[in-house]
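S.K.: Please find one structure pasted underneath; my questions will follow.
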Amino acid sequence: MHEVMRELVSAIGDGQRTGLVTVVSTFKSAPRPPGASMAVTRDGEAVGSVSGGCIEGAVYELAQEVMDGRPPVLQRYGVSDDDAFAVGLTCGGIIDVFVEAVDAASFPSLPDLASSVESSDPVAVATVVRGPGTVGAHLVIWPDRVAGTLGGQRLDDAVTDDARGMLEQGMTGIRRYGADGERRLDELEVFVQSFAPRPRMLVFGAIDFAAALVRIGRFLGYHVTVCDARPVFATPRRFPDADDVVVQWPHDYLAATEVDPRTVICVLTHDPKFDVPLLEAAVRTPAAYIGVMGSRRTHDDRVSRLRERGLGDDELSRLSSPLGLDIGARTPEETAVSIAAEIIAARWGASGQRLSDTTGPIHREPLAADVR
């Protein structure tokens, strides 16, 4: 999305129109989530993706038509498995996309939106995608202000209230209202896309395995912090891909750090003097994942020490230890892939099995509010 935003802002600065295609809802095995987007420039270049290649050709043509004057359109692809092949949606999923033309007149607050997204400030954008309102109208919502309008003050107020709640949880999706914002009606559809700060990955233990995990965590979109009490190991030079490198006792740092339900905690120190007070604090946070490195024997020792400090079965069950999935990892890089795979599986409630050994949908709904 960052790349698409930059393309849109650049085009507006040059006085040009750009076609914007956004996934607003999906069903079954759709390959990209709501919020995925693609920009089509006047020069014919496509930036971004809405389906990983499945329907790009079809929406590319629609975007060109909209840039040439066709009104914004909400289009569904892959209504059934049979006609999915007509547009190349071979996975058999269903994708609703909204196609619009963006320029300085239609979306004057886009540069401010893009600036907030680039700086990881929380912001949401609401767009009327179907109904009796002004289709294609935009309202940009920050925690403390708004810009633009969806066509009426009462509608703006209702959507602003809902969008701020969605932004708080990092949620993206369709909301339905009456023409004047009545929540009991549903003839008008508004797509709300949340841009919340990146989720956090806290890596405790400045070891060689941590360096590989930092790289893959950054690749997955996390804001990654490395923390270790030993200044000789916890240096920016050893962890150039980390957003932050902190020299502090791990449990002290965690106590002073905000942890939310999207945060993942990876403990690689495997030393009781660090692990035990850190894990005692970690299991009492709402973190999405707490992984701990070490052998099974080390884990059993940790559990005994934590029980002595008053932790019960429910709290101890939150620990993934030894951390990672069983893929035969040996090197730091392989181990990082194993850990990342477990984090992803936990996020989506997946089994971690080979897909060829499973049945049912490949793509799953998230277990908790997710940042798209």
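We label chains A, B, ... in the order they appear in the structure tokens, count residues from 1 in each chain, and number ligands from 1 in the order shown.
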Find the residues near Leu279 in chain A: any atom within 9 Å, counting only C-alpha atoms, skip ones fewer than 6 places away on the same chain, and give them as number ranges by chain.

M.R.: A: 251, 267, 290, 292, 306, 319

S.K.: As a list in words, please: all residues of range 78-151 of chain A that backbone DSSP puts in strand (DSSP E).

M.R.: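 Reading the DSSP output for range 78-151 of chain A, strand (DSSP E) covers Ile94, Ile95, Asp96, Val97, Phe98, Val99, Glu100, Ala101, Val102, Val123, Ala124, Val125, Ala126, Thr127, Val128, Val129, Arg130, His138, Leu139, Val140, Ile141, Val146, Ala147 and Gly148 of chain A.
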
S.K.: I'd like the neighbourhood of Gly69 in chain A as a list in words, where a residue qualifies if any of its atoms comes within 10 Å (using only C-alpha atoms), though same-chain residues fewer than 3 positions away should be ignored.

M.R.: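 My reading of the contact set: Gln64, Glu65, Val66, Pro72, Glu100 and Ala101 of chain A.
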
S.K.: Could you please take those selected residues and save N, CA and C atoms as a compact mmCIF listing (two decimals), in the first residue's frame?

M.R.:
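For reference, out_39.txt as written:
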```txt
# COMPACT_ATOMS: atom_id res chain seq x y z
N GLN A 64 -8.79 1.82 -16.50
CA GLN A 64 -8.61 2.72 -17.64
C GLN A 64 -9.94 3.35 -18.06
N GLU A 65 -11.03 2.57 -18.01
CA GLU A 65 -12.34 3.11 -18.35
C GLU A 65 -12.76 4.20 -17.37
N VAL A 66 -12.51 3.97 -16.09
CA VAL A 66 -12.88 4.95 -15.08
C VAL A 66 -12.04 6.22 -15.24
N PRO A 72 -17.24 5.71 -10.85
CA PRO A 72 -16.67 4.66 -10.00
C PRO A 72 -17.59 3.45 -9.96
N GLU A 100 -11.97 3.38 -8.96
CA GLU A 100 -12.24 4.81 -9.01
C GLU A 100 -11.07 5.53 -9.66
N ALA A 101 -11.34 6.75 -10.08
CA ALA A 101 -10.28 7.63 -10.58
C ALA A 101 -9.93 8.64 -9.50
```

S.K.: Pick the closest to Pro197 in chain A from A:Ile141, A:Val123, A:Met293, A:Val21: which is it, counting only C-alpha atoms?

M.R.: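 Comparing A:Ile141, A:Val123, A:Met293, A:Val21 against Pro197 in chain A, the winner is A:Val123.
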
S.K.: Between CA of Leu220 in chain A and CA of Ala341 in chain A, measure the distance and give it in Å to one decimal.

M.R.: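 The value is 10.7 Å.
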
S.K.: Between A:Pro272, A:Gly205, A:Gly152, A:Gly165, which has the minimum distance to Asp180 in chain A (counting only C-alpha atoms)?

M.R.: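 Closest candidate: A:Gly152.
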
S.K.: When you look at Leu150 in chain A with a cut-off of 6 Å (counting only C-alpha atoms), what residues show up, excluding the ones that are within fewer than 5 positions of it in the same chain? I need them as a ChimeraX atom specification.

M.R.: /A:137-139

S.K.: Given the selection you just returned, output its residues as a file containing C-alpha atoms, formatted as a tab-separated table (two decimals), in the first residue's frame.

M.R.:
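As written to disk, selection.tsv reads:
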```tsv
chain	number	residue	atom	x	y	z
A	137	ALA	CA	-16.70	10.24	-1.80
A	138	HIS	CA	-13.93	10.03	0.81
A	139	LEU	CA	-13.69	10.88	4.48
```

S.K.: Restricting the calculation to only C-alpha atoms, which member of A:Leu213, A:Val259, A:Thr285, A:Pro34 is positioned closest to Thr331 in chain A?

M.R.: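 Of A:Leu213, A:Val259, A:Thr285, A:Pro34, the one nearest Thr331 in chain A is A:Leu213, counting only C-alpha atoms.
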
S.K.: Can you tell me which residues surround Gly148 in chain A at a distance of at most 12 Å, considering only C-alpha atoms, apart from same-chain residues fewer than 5 positions away, and format the answer as a ChimeraX atom specification?

M.R.: /A:105-110,112-113,125-127,136-142,153,156-157,160

S.K.: List the neighbours of range 117-120 of chain A out to 12 Å using only C-alpha atoms; skip same-chain residues closer than 5 positions along the sequence, and give me the result as a PyMOL selection string.

M.R.: chain A and resi 1-6+9+110-112+125+140+142+193-199+221-223

S.K.: I'd like to know which of A:Met67, A:Leu74, A:Val203, A:Leu20 is closest to Ser49 in chain A, using only C-alpha atoms.

M.R.: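 Counting only C-alpha atoms, the residue closest to Ser49 in chain A is A:Leu20.
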
S.K.: Range 231-244 of chain A: which residues within 6 Å, counting only C-alpha atoms, same-chain residues fewer than 4 positions away excluded, as a PyMOL selection string?

M.R.: chain A and resi 206+211+215+224-225

S.K.: When you count only C-alpha atoms, which of these residues is closest to Leu202 in chain A: A:Glu258, A:Asp271, A:Asp301, A:Asp313?

M.R.: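 Distance minimum relative to Leu202 in chain A lands on A:Glu258.
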
S.K.: Can you list every residue in range 138-199 of chain A that DSSP puts in helix (DSSP H, G or I), as a list in words?

M.R.: Gln153, Arg154, Leu155, Asp156, Asp157, Ala158, Val159, Thr160, Asp161, Asp162, Ala163, Arg164, Gly165, Met166, Leu167, Glu168 and Gln169 of chain A

S.K.: Return the single residue from A:Val159, A:Val73, A:Ile55, A:Val226 that is closest to Arg175 in chain A, with distances computed using only C-alpha atoms.

M.R.: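 Using only C-alpha atoms, Arg175 in chain A sits closest to A:Val159.
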
S.K.: Mind pulling up the distance from CA of Gly52 in chain A to CA of Asp96 in chain A?

M.R.: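 Distance reported for this atom pair: 14.6 Å.
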
S.K.: What does the structure give for the distance between CA of Val247 in chain A and CA of Pro277 in chain A, in Å to one decimal?

M.R.: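 One can read the CA of Val247 in chain A to CA of Pro277 in chain A distance as 16.5 Å.
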